[in-house]
Each structure stands twice: as structure tokens, then as C-alpha cells.
file coords.json (JSON, C-alpha atoms and all ligand atoms)
[["chain", "number", "residue", "atom", "x", "y", "z"],
["A", 308, "MET", "CA", 146.77, -1.20, 112.50],
["A", 309, "PRO", "CA", 149.06, 1.87, 112.13],
["A", 310, "VAL", "CA", 149.52, 3.17, 108.61],
["A", 311, "ILE", "CA", 152.55, 5.01, 107.28],
["A", 312, "CYS", "CA", 153.06, 6.79, 103.98],
["A", 313, "ALA", "CA", 156.52, 6.30, 102.56],
["A", 314, "GLU", "CA", 158.09, 7.55, 99.35],
["A", 315, "GLY", "CA", 160.43, 5.01, 97.86],
["A", 316, "ILE", "CA", 161.79, 2.96, 94.97],
["A", 317, "VAL", "CA", 161.10, -0.77, 94.57],
["A", 318, "THR", "CA", 164.48, -2.52, 94.52],
["A", 319, "ARG", "CA", 163.50, -6.20, 94.51],
["A", 320, "TYR", "CA", 160.67, -8.67, 94.86],
["A", 321, "VAL", "CA", 160.26, -12.30, 95.74],
["A", 322, "ASN", "CA", 157.13, -14.16, 94.62],
["A", 323, "TYR", "CA", 155.31, -16.29, 97.13],
["A", 324, "ARG", "CA", 152.05, -18.20, 97.16],
["A", 325, "GLU", "CA", 150.06, -17.99, 93.97],
["A", 326, "ASN", "CA", 149.48, -14.26, 93.65],
["A", 327, "ASP", "CA", 151.59, -12.50, 96.27],
["A", 328, "ARG", "CA", 154.98, -10.87, 96.48],
["A", 329, "ILE", "CA", 157.35, -9.61, 99.13],
["A", 330, "LEU", "CA", 158.52, -6.22, 97.91],
["A", 331, "SER", "CA", 161.64, -4.45, 99.05],
["A", 332, "ILE", "CA", 161.25, -0.69, 98.91],
["A", 333, "PHE", "CA", 164.13, 1.72, 99.47],
["A", 334, "THR", "CA", 162.27, 4.54, 101.21],
["A", 335, "ILE", "CA", 163.51, 8.03, 101.98],
["A", 336, "GLY", "CA", 162.42, 8.12, 105.60],
["A", 337, "HIS", "CA", 162.68, 4.50, 106.73],
["A", 338, "GLY", "CA", 165.53, 2.95, 104.75],
["A", 339, "ARG", "CA", 164.66, -0.45, 103.28],
["A", 340, "MET", "CA", 161.21, -1.81, 103.99],
["A", 341, "ASP", "CA", 160.26, -5.38, 103.12],
["A", 342, "VAL", "CA", 156.51, -5.50, 102.71],
["A", 343, "LYS", "CA", 153.87, -7.99, 101.68],
["A", 344, "ALA", "CA", 151.86, -7.19, 98.58],
["A", 345, "ARG", "CA", 148.81, -9.43, 98.67],
["A", 346, "GLY", "CA", 147.23, -10.42, 95.38],
["A", 347, "CYS", "CA", 149.50, -8.13, 93.39],
["A", 348, "ARG", "CA", 150.09, -10.68, 90.62],
["A", 349, "LYS", "CA", 146.43, -10.92, 89.71],
["A", 350, "PRO", "CA", 145.84, -9.00, 86.48],
["A", 351, "GLN", "CA", 143.00, -7.00, 88.01],
["A", 352, "SER", "CA", 144.96, -6.00, 91.14],
["A", 353, "PRO", "CA", 145.49, -2.23, 91.55],
["A", 354, "LEU", "CA", 149.06, -3.14, 92.58],
["A", 355, "VAL", "CA", 149.91, -5.11, 89.43],
["A", 356, "ASN", "CA", 151.97, -2.31, 87.87],
["A", 357, "VAL", "CA", 153.33, -1.09, 91.18],
["A", 358, "CYS", "CA", 155.10, -4.21, 92.38],
["A", 359, "GLN", "CA", 157.93, -3.96, 89.86],
["A", 360, "PRO", "CA", 161.58, -2.99, 90.24],
["A", 361, "PHE", "CA", 162.36, 0.67, 89.42],
["A", 362, "VAL", "CA", 158.88, 1.93, 90.39],
["A", 363, "PHE", "CA", 159.09, 5.12, 92.44],
["A", 364, "GLY", "CA", 155.97, 6.11, 94.33],
["A", 365, "GLN", "CA", 154.21, 7.03, 97.52],
["A", 366, "PHE", "CA", 153.35, 3.81, 99.31],
["A", 367, "GLU", "CA", 150.66, 3.39, 101.94],
["A", 368, "ILE", "CA", 151.88, 0.68, 104.29],
["A", 369, "PHE", "CA", 150.13, -1.05, 107.18],
["A", 370, "THR", "CA", 152.68, -1.80, 109.85],
["A", 371, "GLY", "CA", 151.97, -5.10, 111.58],
["A", 372, "LYS", "CA", 153.74, -7.03, 114.31],
["A", 373, "GLU", "CA", 155.20, -9.62, 112.00],
["A", 374, "ARG", "CA", 155.08, -8.17, 108.54],
["A", 375, "ASN", "CA", 154.24, -4.83, 106.93],
["A", 376, "THR", "CA", 151.73, -4.85, 104.11],
["A", 377, "VAL", "CA", 151.42, -2.46, 101.21],
["A", 378, "ASN", "CA", 147.86, -1.30, 100.78],
["A", 379, "ALA", "CA", 148.08, 1.25, 97.97],
["A", 380, "CYS", "CA", 150.59, 3.23, 95.96],
["A", 381, "GLU", "CA", 150.56, 6.41, 93.96],
["A", 382, "VAL", "CA", 153.13, 5.83, 91.22],
["A", 383, "LYS", "CA", 155.26, 8.89, 90.48],
["A", 384, "GLU", "CA", 157.80, 7.46, 88.06],
["A", 385, "THR", "CA", 158.56, 4.08, 86.46],
["A", 386, "PHE", "CA", 161.79, 5.01, 84.60],
["A", 387, "TYR", "CA", 160.27, 3.05, 81.75],
["A", 388, "PRO", "CA", 162.98, 3.60, 79.07],
["A", 389, "ILE", "CA", 165.41, 1.60, 81.24],
["A", 390, "ARG", "CA", 163.41, -1.55, 80.47],
["A", 391, "GLU", "CA", 163.72, -1.14, 76.73],
["A", 392, "ASP", "CA", 167.49, -1.34, 76.46],
["A", 393, "TYR", "CA", 169.64, -4.27, 77.56],
["A", 394, "GLU", "CA", 172.62, -2.22, 78.73],
["A", 395, "ARG", "CA", 170.52, 0.29, 80.63],
["A", 396, "PHE", "CA", 168.43, -2.46, 82.18],
["A", 397, "SER", "CA", 171.49, -4.44, 83.32],
["A", 398, "ILE", "CA", 173.19, -1.38, 84.78],
["A", 399, "GLY", "CA", 169.97, -0.16, 86.42],
["A", 400, "SER", "CA", 169.35, -3.61, 87.91],
["A", 401, "VAL", "CA", 172.84, -3.63, 89.41],
["A", 402, "MET", "CA", 172.27, -0.16, 90.90],
["A", 403, "LEU", "CA", 169.05, -1.40, 92.52],
["A", 404, "ARG", "CA", 170.69, -4.56, 93.79],
["A", 405, "VAL", "CA", 173.71, -2.91, 95.41],
["A", 406, "CYS", "CA", 171.53, -0.27, 97.08],
["A", 407, "HIS", "CA", 169.20, -3.02, 98.29],
["A", 408, "ASP", "CA", 172.13, -4.95, 99.76],
["A", 409, "ALA", "CA", 173.76, -1.89, 101.33],
["A", 410, "ILE", "CA", 170.68, -0.55, 103.13],
["A", 411, "PRO", "CA", 169.54, -2.25, 106.32],
["A", 412, "GLU", "CA", 165.85, -2.30, 107.18],
["A", 413, "ASN", "CA", 164.65, 0.89, 108.85],
["A", 414, "GLU", "CA", 167.92, 2.81, 108.47],
["A", 415, "PRO", "CA", 167.46, 5.87, 106.27],
["A", 416, "ASN", "CA", 170.29, 7.03, 104.01],
["A", 417, "GLU", "CA", 169.11, 10.16, 102.21],
["A", 418, "ALA", "CA", 172.36, 10.67, 100.30],
["A", 419, "LEU", "CA", 172.15, 7.16, 98.87],
["A", 420, "PHE", "CA", 168.46, 7.56, 98.05],
["A", 421, "SER", "CA", 169.16, 10.80, 96.17],
["A", 422, "LEU", "CA", 172.02, 9.12, 94.31],
["A", 423, "LEU", "CA", 169.84, 6.20, 93.23],
["A", 424, "TYR", "CA", 166.97, 8.45, 92.20],
["A", 425, "HIS", "CA", 169.19, 10.73, 90.09],
["A", 426, "SER", "CA", 171.11, 7.80, 88.58],
["A", 427, "LEU", "CA", 167.91, 6.07, 87.46],
["A", 428, "SER", "CA", 166.54, 9.35, 86.09],
["A", 429, "TYR", "CA", 169.63, 9.91, 83.94],
["A", 430, "LEU", "CA", 169.77, 6.27, 82.93],
["A", 431, "ALA", "CA", 166.20, 6.57, 81.65],
["A", 432, "TYR", "CA", 166.09, 10.10, 80.28],
["A", 433, "GLY", "CA", 169.63, 11.54, 80.33],
["A", 434, "VAL", "CA", 172.27, 12.05, 77.67],
["A", 435, "SER", "CA", 175.32, 10.48, 79.36],
["A", 436, "ALA", "CA", 176.52, 7.01, 78.33],
["A", 437, "PRO", "CA", 175.19, 4.34, 80.74],
["A", 438, "LYS", "CA", 178.71, 3.06, 81.43],
["A", 439, "ASP", "CA", 179.97, 6.54, 82.35],
["A", 440, "LEU", "CA", 176.96, 7.03, 84.56],
["A", 441, "PHE", "CA", 177.72, 3.76, 86.31],
["A", 442, "CYS", "CA", 181.34, 4.80, 87.03],
["A", 443, "CYS", "CA", 180.01, 7.97, 88.59],
["A", 444, "PHE", "CA", 177.32, 6.08, 90.50],
["A", 445, "LEU", "CA", 179.81, 3.56, 91.86],
["A", 446, "ILE", "CA", 182.28, 6.00, 93.38],
["A", 447, "ARG", "CA", 179.45, 8.06, 94.85],
["A", 448, "PHE", "CA", 177.76, 4.90, 96.14],
["A", 449, "LEU", "CA", 180.97, 3.91, 97.96],
["A", 450, "ASN", "CA", 181.12, 7.38, 99.51],
["A", 451, "ALA", "CA", 177.44, 7.31, 100.55],
["A", 452, "ILE", "CA", 177.85, 4.02, 102.43],
["A", 453, "GLY", "CA", 181.10, 5.01, 104.14],
["A", 454, "TYR", "CA", 183.59, 3.18, 101.88],
["A", 455, "ARG", "CA", 185.13, 6.09, 100.03],
["A", 456, "PRO", "CA", 188.49, 5.09, 98.51],
["A", 457, "ALA", "CA", 191.58, 7.30, 98.88],
["A", 458, "ILE", "CA", 192.07, 9.43, 95.77],
["A", 459, "THR", "CA", 193.82, 12.69, 96.64],
["A", 460, "ALA", "CA", 196.07, 11.46, 99.46],
["A", 461, "CYS", "CA", 197.94, 8.14, 99.75],
["A", 462, "ALA", "CA", 195.80, 5.52, 101.54],
["A", 463, "GLN", "CA", 198.81, 4.45, 103.59],
["A", 464, "CYS", "CA", 200.98, 7.50, 104.41],
["A", 465, "GLY", "CA", 198.38, 10.24, 103.82],
["A", 466, "ARG", "CA", 200.68, 12.35, 101.61],
["A", 467, "ASP", "CA", 199.08, 14.41, 98.81],
["A", 468, "LEU", "CA", 199.45, 12.44, 95.57],
["A", 469, "ARG", "CA", 198.35, 14.99, 93.02],
["A", 470, "ALA", "CA", 201.88, 15.83, 91.80],
["A", 471, "ASP", "CA", 203.18, 12.24, 91.82],
["A", 472, "ALA", "CA", 204.33, 10.70, 88.55],
["A", 473, "LEU", "CA", 203.49, 7.14, 89.63],
["A", 474, "VAL", "CA", 200.41, 6.21, 91.62],
["A", 475, "ARG", "CA", 198.86, 2.77, 92.03],
["A", 476, "PHE", "CA", 195.31, 1.88, 92.98],
["A", 477, "SER", "CA", 195.20, -0.77, 95.65],
["A", 478, "PRO", "CA", 192.06, -2.79, 96.44],
["A", 479, "ARG", "CA", 193.04, -2.09, 100.07],
["A", 480, "GLY", "CA", 192.15, 1.56, 100.52],
["A", 481, "GLY", "CA", 192.56, 3.12, 97.06],
["A", 482, "ALA", "CA", 195.37, 5.32, 95.70],
["A", 483, "VAL", "CA", 198.84, 4.69, 97.12],
["A", 484, "CYS", "CA", 202.19, 6.37, 96.46],
["A", 485, "ALA", "CA", 205.20, 4.54, 94.97],
["A", 486, "ALA", "CA", 207.09, 4.65, 98.28],
["A", 487, "CYS", "CA", 204.29, 2.87, 100.16],
["A", 488, "SER", "CA", 203.34, 0.09, 97.78],
["A", 489, "THR", "CA", 204.32, -1.79, 94.67],
["A", 490, "GLN", "CA", 200.97, -3.63, 94.70],
["A", 491, "GLY", "CA", 197.92, -2.64, 92.68],
["A", 492, "GLU", "CA", 197.36, -1.36, 89.15],
["A", 493, "LYS", "CA", 199.07, 1.81, 87.98],
["A", 494, "VAL", "CA", 196.54, 4.60, 87.66],
["A", 495, "SER", "CA", 196.90, 7.75, 85.54],
["A", 496, "LYS", "CA", 196.54, 11.32, 86.77],
["A", 497, "THR", "CA", 193.60, 11.79, 84.42],
["A", 498, "ALA", "CA", 191.73, 8.83, 85.89],
["A", 499, "LEU", "CA", 192.39, 10.01, 89.45],
["A", 500, "GLU", "CA", 191.25, 13.53, 88.58],
["A", 501, "GLY", "CA", 188.12, 12.06, 86.95],
["A", 502, "MET", "CA", 187.28, 10.09, 90.11],
["A", 503, "ARG", "CA", 187.91, 13.16, 92.26],
["A", 504, "ARG", "CA", 185.52, 15.27, 90.18],
["A", 505, "MET", "CA", 182.81, 12.61, 90.09],
["A", 506, "LEU", "CA", 183.00, 12.38, 93.85],
["A", 507, "ILE", "CA", 182.57, 16.07, 94.61],
["A", 508, "MET", "CA", 179.90, 16.98, 92.06],
["A", 509, "GLU", "CA", 176.22, 17.31, 92.97],
["A", 510, "ASP", "CA", 173.85, 14.45, 92.08],
["A", 511, "SER", "CA", 172.15, 16.83, 89.65],
["A", 512, "GLU", "CA", 175.41, 17.20, 87.69],
["A", 513, "MET", "CA", 175.91, 13.49, 87.06],
["A", 514, "ASP", "CA", 174.45, 13.58, 83.57],
["A", 515, "ARG", "CA", 177.39, 15.72, 82.41],
["A", 516, "VAL", "CA", 179.99, 12.99, 82.94],
["A", 517, "LYS", "CA", 181.77, 11.99, 79.74],
["A", 518, "LEU", "CA", 184.78, 9.68, 79.88],
["A", 519, "SER", "CA", 187.05, 8.44, 77.11],
["A", 520, "GLU", "CA", 187.00, 4.66, 76.60],
["A", 521, "GLU", "CA", 190.54, 4.38, 77.95],
["A", 522, "ILE", "CA", 189.90, 6.37, 81.12],
["A", 523, "ARG", "CA", 186.58, 4.65, 81.77],
["A", 524, "VAL", "CA", 188.20, 1.21, 81.61],
["A", 525, "GLU", "CA", 190.95, 2.39, 83.95],
["A", 526, "ILE", "CA", 188.47, 3.83, 86.46],
["A", 527, "ILE", "CA", 186.16, 0.83, 86.37],
["A", 528, "ASN", "CA", 189.04, -1.62, 86.87],
["A", 529, "CYS", "CA", 190.27, 0.34, 89.89],
["A", 530, "LEU", "CA", 186.84, 0.74, 91.42],
["A", 531, "LEU", "CA", 185.60, -2.79, 90.81],
["A", 532, "SER", "CA", 188.64, -4.43, 92.38],
["A", 533, "TYR", "CA", 188.45, -2.03, 95.32],
["A", 534, "THR", "CA", 184.70, -2.58, 95.72],
["A", 535, "ARG", "CA", 184.85, -6.37, 95.56],
["A", 536, "PHE", "CA", 187.66, -6.42, 98.09],
["A", 537, "SER", "CA", 185.94, -3.97, 100.46],
["A", 538, "LEU", "CA", 182.31, -5.11, 100.40],
["A", 539, "ASP", "CA", 181.06, -8.53, 101.39],
["A", 540, "PHE", "CA", 177.83, -8.28, 99.40],
["A", 541, "SER", "CA", 176.54, -7.99, 95.83],
["A", 542, "GLU", "CA", 179.32, -10.16, 94.37],
["A", 543, "ARG", "CA", 177.03, -11.64, 91.72],
["A", 544, "ALA", "CA", 175.88, -8.21, 90.66],
["A", 545, "PHE", "CA", 179.42, -6.90, 90.30],
["A", 546, "SER", "CA", 180.67, -9.93, 88.42],
["A", 547, "MET", "CA", 177.76, -9.74, 85.98],
["A", 548, "LEU", "CA", 178.47, -6.08, 85.47],
["A", 549, "GLU", "CA", 182.18, -6.53, 84.99],
["A", 550, "GLY", "CA", 181.54, -8.38, 81.73],
["A", 551, "ILE", "CA", 179.33, -5.61, 80.40],
["A", 552, "LEU", "CA", 181.59, -2.75, 81.45],
["A", 553, "THR", "CA", 185.02, -4.05, 80.64],
["A", 554, "ALA", "CA", 184.42, -6.25, 77.61],
["A", 555, "GLY", "CA", 182.28, -3.62, 75.94],
["A", 556, "GLU", "CA", 180.16, -6.30, 74.30],
["A", 557, "PRO", "CA", 176.76, -5.12, 73.23],
["A", 558, "GLY", "CA", 174.13, -7.29, 74.86],
["A", 559, "PRO", "CA", 171.19, -8.86, 73.12],
["A", 560, "ASP", "CA", 168.30, -6.53, 72.45],
["A", 561, "GLY", "CA", 164.79, -6.87, 73.72],
["A", 562, "ARG", "CA", 162.93, -7.21, 76.94],
["A", 563, "THR", "CA", 163.08, -11.00, 76.85],
["A", 564, "GLN", "CA", 166.59, -10.69, 78.32],
["A", 565, "ASN", "CA", 165.36, -8.85, 81.37],
["A", 566, "GLU", "CA", 164.20, -11.96, 83.21],
["A", 567, "ASP", "CA", 167.58, -13.46, 82.48],
["A", 568, "ILE", "CA", 169.33, -10.59, 84.27],
["A", 569, "ARG", "CA", 166.99, -10.90, 87.23],
["A", 570, "ASP", "CA", 167.94, -14.57, 87.53],
["A", 571, "LYS", "CA", 171.65, -13.76, 87.54],
["A", 572, "LEU", "CA", 171.26, -11.24, 90.35],
["B", 601, "ZN", "ZN", 202.24, 6.68, 100.71]]
call {"tool": "encode", "arguments": {"input": "coords.json", "output": "C-alpha cells"}}
result
Amino acid sequence: MPVICAEGIVTRYVNYRENDRILSIFTIGHGRMDVKARGCRKPQSPLVNVCQPFVFGQFEIFTGKERNTVNACEVKETFYPIREDYERFSIGSVMLRVCHDAIPENEPNEALFSLLYHSLSYLAYGVSAPKDLFCCFLIRFLNAIGYRPAITACAQCGRDLRADALVRFSPRGGAVCAACSTQGEKVSKTALEGMRRMLIMEDSEMDRVKLSEEIRVEIINCLLSYTRFSLDFSERAFSMLEGILTAGEPGPDGRTQNEDIRDKL
């Protein structure tokens, strides 16, 4: 049976039979791979700590005719601090879910992989606020999967908007000038400039993002309505997240809530 070695991040799992799981791994070279992990729920299994969301490692995978099977894994990072904080865990789980949904099996997307890896690193170990990091992740995610919204030029007439006094953000395409549309939320120059900068920075600069409460709410409202209109997946993930990001309610503490989030996704 051919064996491949693939570096990747576990995005999801589904339990089956008594001790097994189907793991979804977002790999660098092969896109998403759905693989069987036999016996991984037994306490003595060498895979017991591997078959968890957020785990990044080098996976040894047997490729079979019907189903690939993970044989071993060298764990490189677990992003453990994400699990110890409700807000970080919810936001990280949504990042995993939307990447999982956006990536077809066996279609690599290196830009998206790099974005996810850096976002999880900063969520676990960085200094930026998790909500700011998510705003930055979301606009860069849209770009990486080919759904970049218009920001600098009007989505309808293509005219440069940067000097315009009134700009709206339409779920259909992004920023639009006043002459083209009266639909969509008004968006400030500061919010547009913030989105523009988050889009062009390197992944390694994401931890520097710092938004005021007002601008963050504006950006997240624009991007969430655009995203939900444009994408036909991950609706549950985005609606769960909307509550956390826009209401600003602190969630309950403790890891007991983590299973709850998994159920909602
Ligand atoms: Zn226009």
C-alpha cells in the first residue's frame, strides 16, 4: 500500500465504531485529506493525542483504494492555549471549520494553509485581541479562496473610492460608490483603510493588528454580511461567531464549553 507523508492541521473529526475516527487534515501538499484513524480513541493508542482539532504535525498516511488511513504522526504543535479560553477556542474552531469547508479534497491551497497556521499561532501565543485577529483572518480568508470583496474601487463602476465622502458596503461585491447604490451599510474611510491594510500585509504581520471597538464592529458587520451572502457554506459557524463578535459578551470560562461549541458547528 503506498505511503505518503503529509504536513497538516487537523480541522475536524467524526467518531465511528467504538474506537475509531475519520479525521480531516488540511495538508500543505494535498489540500484536505479525510483519513481513517483506527483505534485512536483507546487510551493506550499512540494516536490518542493526535486525533484532535488544532493538532499540526507530519502525518504518515497509507493511501488505499477506498479510504486513506493514518498510521503515525509526529506532532509539531498543538496550539494548546487556544483550548483554555472560551473566546479563543470559539474563534479558532470557526477558523478550522471555514477552512475545512472551503478546501476540497486533494486541492492544495498554500496561501490558505499559511493563513490558518499563522492565525492559530497568534491566537495561541500572540498579543493581538482574538476578535481583531479574526477580522484580519476573515478578509484574508476571502482573498485566499477567490472571494475578495471590493475595497479600493467601487464593486459596480470600478471607480477609485478612496476620496469619496460616502461609501456603502454591499453584500453583493463589497464597497460601492453613492452614485451606484443606495443599498448596504455606510462604511467609514477608516474601516475601509483598515480592511485594505489587513489584506495587503504578510501573514507574519497579522499579530500587529489593533482595531478600536467601533471600527472592529463596522468591519465585522460589513464582512459577515458579505461573506454569508457570497458563500454557500459554514453558515452555522458564522452565525455562532456573529454573537461572540458583535455582542461582545464574554463567554463562559472553562474547557467544559468546548464540546458545546463543537456541537454547534
Ligand atoms: Zn460606482
call {"tool": "closest_residue", "arguments": {"input": "coords.json", "among": "A:Pro437, A:Pro350, A:Gly371, A:Pro309", "to": "Asp392 of chain A", "atoms": "all atoms listed in the file"}}
result
A:Pro437
call {"tool": "residues_around", "arguments": {"input": "coords.json", "residues": "Leu419 of chain A", "least_positions_apart": "4", "cutoff": "8 Å", "atoms": "all atoms listed in the file", "output": "PyMOL selection string"}}
result
chain A and resi 406+423+448+451-452
call {"tool": "atom_distance", "arguments": {"input": "coords.json", "atom1": "atom CA of Arg348 of chain A", "atom2": "atom CA of Asn326 of chain A"}}
result
4.7 Å
call {"tool": "residues_near_ligand", "arguments": {"input": "coords.json", "ligand": "ligand ZN 601 (chain B)", "cutoff": "9 Å", "atoms": "all atoms listed in the file", "output": "list of chain:residue names"}}
result
A:Ala460, A:Cys461, A:Ala462, A:Gln463, A:Cys464, A:Gly465, A:Arg466, A:Asp467, A:Leu468, A:Ala482, A:Val483, A:Cys484, A:Ala485, A:Ala486, A:Cys487, A:Ser488
call {"tool": "residues_around", "arguments": {"input": "coords.json", "residues": "Val516 of chain A", "least_positions_apart": "4", "cutoff": "7 Å", "atoms": "only C-alpha atoms", "output": "MDAnalysis selection string"}}
result
chainID A and resid 435 439:440
call {"tool": "closest_residue", "arguments": {"input": "coords.json", "among": "A:Arg504, A:Arg475, A:Lys517, A:Arg455", "to": "Leu538 of chain A", "atoms": "all atoms listed in the file"}}
result
A:Arg455
call {"tool": "residues_around", "arguments": {"input": "coords.json", "residues": "segment 375-383 of chain A", "least_positions_apart": "5", "cutoff": "6 Å", "atoms": "all atoms listed in the file", "output": "PDB file with C-alpha atoms, keeping the file's coordinate frame"}}
result
ATOM      1  CA  VAL A 342     156.510  -5.500 102.710  1.00  0.00           C
ATOM      2  CA  LYS A 343     153.870  -7.990 101.680  1.00  0.00           C
ATOM      3  CA  ALA A 344     151.860  -7.190  98.580  1.00  0.00           C
ATOM      4  CA  PHE A 363     159.090   5.120  92.440  1.00  0.00           C
ATOM      5  CA  GLY A 364     155.970   6.110  94.330  1.00  0.00           C
ATOM      6  CA  GLN A 365     154.210   7.030  97.520  1.00  0.00           C
ATOM      7  CA  PHE A 366     153.350   3.810  99.310  1.00  0.00           C
ATOM      8  CA  GLU A 367     150.660   3.390 101.940  1.00  0.00           C
ATOM      9  CA  ILE A 368     151.880   0.680 104.290  1.00  0.00           C
ATOM     10  CA  PHE A 369     150.130  -1.050 107.180  1.00  0.00           C
ATOM     11  CA  THR A 370     152.680  -1.800 109.850  1.00  0.00           C
TER      12      THR A 370
END
call {"tool": "residues_near_point", "arguments": {"input": "coords.json", "point": "(169.4, -4.0, 96.7)", "cutoff": "9 Å", "atoms": "all atoms listed in the file", "output": "ChimeraX atom specification"}}
result
/A:318-319,331,333,339,400-410,541
call {"tool": "residues_around", "arguments": {"input": "coords.json", "residues": "Lys493 of chain A", "least_positions_apart": "4", "cutoff": "8 Å", "atoms": "all atoms listed in the file", "output": "list in words"}}
result
Leu473, Val474, Arg475 and Phe476 of chain A
call {"tool": "atom_distance", "arguments": {"input": "coords.json", "atom1": "atom CA of Ala431 of chain A", "atom2": "atom CA of Pro388 of chain A"}}
result
5.1 Å
call {"tool": "closest_residue", "arguments": {"input": "coords.json", "among": "A:Arg328, A:Met508, A:Glu521, A:Leu499", "to": "Lys349 of chain A", "atoms": "all atoms listed in the file"}}
result
A:Arg328
call {"tool": "atom_distance", "arguments": {"input": "coords.json", "atom1": "atom CA of Arg503 of chain A", "atom2": "atom CA of Ile458 of chain A"}}
result
6.6 Å
call {"tool": "residues_around", "arguments": {"input": "coords.json", "residues": "Glu500 of chain A", "least_positions_apart": "2", "cutoff": "12 Å", "atoms": "only C-alpha atoms", "output": "PyMOL selection string"}}
result
chain A and resi 458-459+468-470+482+494-498+502-507+518+522+526
call {"tool": "closest_residue", "arguments": {"input": "coords.json", "among": "A:Glu512, A:Cys529, A:Ser426, A:Ser537", "to": "Arg479 of chain A", "atoms": "only C-alpha atoms"}}
result
A:Ser537
call {"tool": "closest_residue", "arguments": {"input": "coords.json", "among": "A:Gly399, A:Ser428, A:Gly550, A:Leu530", "to": "Pro456 of chain A", "atoms": "only C-alpha atoms"}}
result
A:Leu530
call {"tool": "axis_aligned_box", "arguments": {"input": "coords.json", "around": "segment 416-421 of chain A", "padding_each_side": "5 Å", "output": "JSON"}}
result
{"center_x": 170.4, "center_y": 8.9, "center_z": 100.1, "size_x": 13.9, "size_y": 13.8, "size_z": 17.8}
call {"tool": "closest_residue", "arguments": {"input": "coords.json", "among": "A:Gly480, A:Gly501, A:Pro411, A:Pro360", "to": "Arg535 of chain A", "atoms": "only C-alpha atoms"}}
result
A:Gly480
call {"tool": "build_atoms", "arguments": {"input": "coords.json", "residues": "segment 513-526 of chain A", "atoms": "N, CA, C and O atoms", "output": "PDB file, in the frame of the given file"}}
result
ATOM      1  N   MET A 513     175.379  14.776  87.514  1.00  0.00           N
ATOM      2  CA  MET A 513     175.910  13.490  87.060  1.00  0.00           C
ATOM      3  C   MET A 513     175.738  13.230  85.564  1.00  0.00           C
ATOM      4  O   MET A 513     176.503  12.488  84.961  1.00  0.00           O
ATOM      5  N   ASP A 514     174.717  13.842  84.991  1.00  0.00           N
ATOM      6  CA  ASP A 514     174.450  13.580  83.570  1.00  0.00           C
ATOM      7  C   ASP A 514     175.476  14.236  82.653  1.00  0.00           C
ATOM      8  O   ASP A 514     175.478  14.012  81.454  1.00  0.00           O
ATOM      9  N   ARG A 515     176.377  15.050  83.237  1.00  0.00           N
ATOM     10  CA  ARG A 515     177.390  15.720  82.410  1.00  0.00           C
ATOM     11  C   ARG A 515     178.651  14.893  82.251  1.00  0.00           C
ATOM     12  O   ARG A 515     179.570  15.273  81.543  1.00  0.00           O
ATOM     13  N   VAL A 516     178.740  13.777  82.959  1.00  0.00           N
ATOM     14  CA  VAL A 516     179.990  12.990  82.940  1.00  0.00           C
ATOM     15  C   VAL A 516     180.205  12.373  81.562  1.00  0.00           C
ATOM     16  O   VAL A 516     179.315  11.751  80.997  1.00  0.00           O
ATOM     17  N   LYS A 517     181.428  12.575  81.041  1.00  0.00           N
ATOM     18  CA  LYS A 517     181.770  11.990  79.740  1.00  0.00           C
ATOM     19  C   LYS A 517     183.216  11.529  79.840  1.00  0.00           C
ATOM     20  O   LYS A 517     184.105  12.337  80.071  1.00  0.00           O
ATOM     21  N   LEU A 518     183.431  10.231  79.724  1.00  0.00           N
ATOM     22  CA  LEU A 518     184.780   9.680  79.880  1.00  0.00           C
ATOM     23  C   LEU A 518     185.236   9.082  78.542  1.00  0.00           C
ATOM     24  O   LEU A 518     184.410   8.544  77.798  1.00  0.00           O
ATOM     25  N   SER A 519     186.547   9.144  78.289  1.00  0.00           N
ATOM     26  CA  SER A 519     187.050   8.440  77.110  1.00  0.00           C
ATOM     27  C   SER A 519     187.035   6.939  77.437  1.00  0.00           C
ATOM     28  O   SER A 519     187.042   6.547  78.610  1.00  0.00           O
ATOM     29  N   GLU A 520     187.017   6.119  76.404  1.00  0.00           N
ATOM     30  CA  GLU A 520     187.000   4.660  76.600  1.00  0.00           C
ATOM     31  C   GLU A 520     188.159   4.214  77.503  1.00  0.00           C
ATOM     32  O   GLU A 520     187.980   3.444  78.449  1.00  0.00           O
ATOM     33  N   GLU A 521     189.336   4.763  77.215  1.00  0.00           N
ATOM     34  CA  GLU A 521     190.540   4.380  77.950  1.00  0.00           C
ATOM     35  C   GLU A 521     190.439   4.713  79.449  1.00  0.00           C
ATOM     36  O   GLU A 521     190.733   3.893  80.316  1.00  0.00           O
ATOM     37  N   ILE A 522     189.998   5.933  79.724  1.00  0.00           N
ATOM     38  CA  ILE A 522     189.900   6.370  81.120  1.00  0.00           C
ATOM     39  C   ILE A 522     188.773   5.626  81.846  1.00  0.00           C
ATOM     40  O   ILE A 522     188.908   5.235  83.008  1.00  0.00           O
ATOM     41  N   ARG A 523     187.674   5.384  81.130  1.00  0.00           N
ATOM     42  CA  ARG A 523     186.580   4.650  81.770  1.00  0.00           C
ATOM     43  C   ARG A 523     187.012   3.249  82.176  1.00  0.00           C
ATOM     44  O   ARG A 523     186.723   2.794  83.286  1.00  0.00           O
ATOM     45  N   VAL A 524     187.741   2.574  81.289  1.00  0.00           N
ATOM     46  CA  VAL A 524     188.200   1.210  81.610  1.00  0.00           C
ATOM     47  C   VAL A 524     189.147   1.251  82.816  1.00  0.00           C
ATOM     48  O   VAL A 524     189.050   0.427  83.732  1.00  0.00           O
ATOM     49  N   GLU A 525     190.019   2.256  82.834  1.00  0.00           N
ATOM     50  CA  GLU A 525     190.950   2.390  83.950  1.00  0.00           C
ATOM     51  C   GLU A 525     190.193   2.597  85.276  1.00  0.00           C
ATOM     52  O   GLU A 525     190.449   1.919  86.273  1.00  0.00           O
ATOM     53  N   ILE A 526     189.228   3.527  85.241  1.00  0.00           N
ATOM     54  CA  ILE A 526     188.470   3.830  86.460  1.00  0.00           C
ATOM     55  C   ILE A 526     187.662   2.605  86.917  1.00  0.00           C
ATOM     56  O   ILE A 526     187.652   2.249  88.095  1.00  0.00           O
TER      57      ILE A 526
END
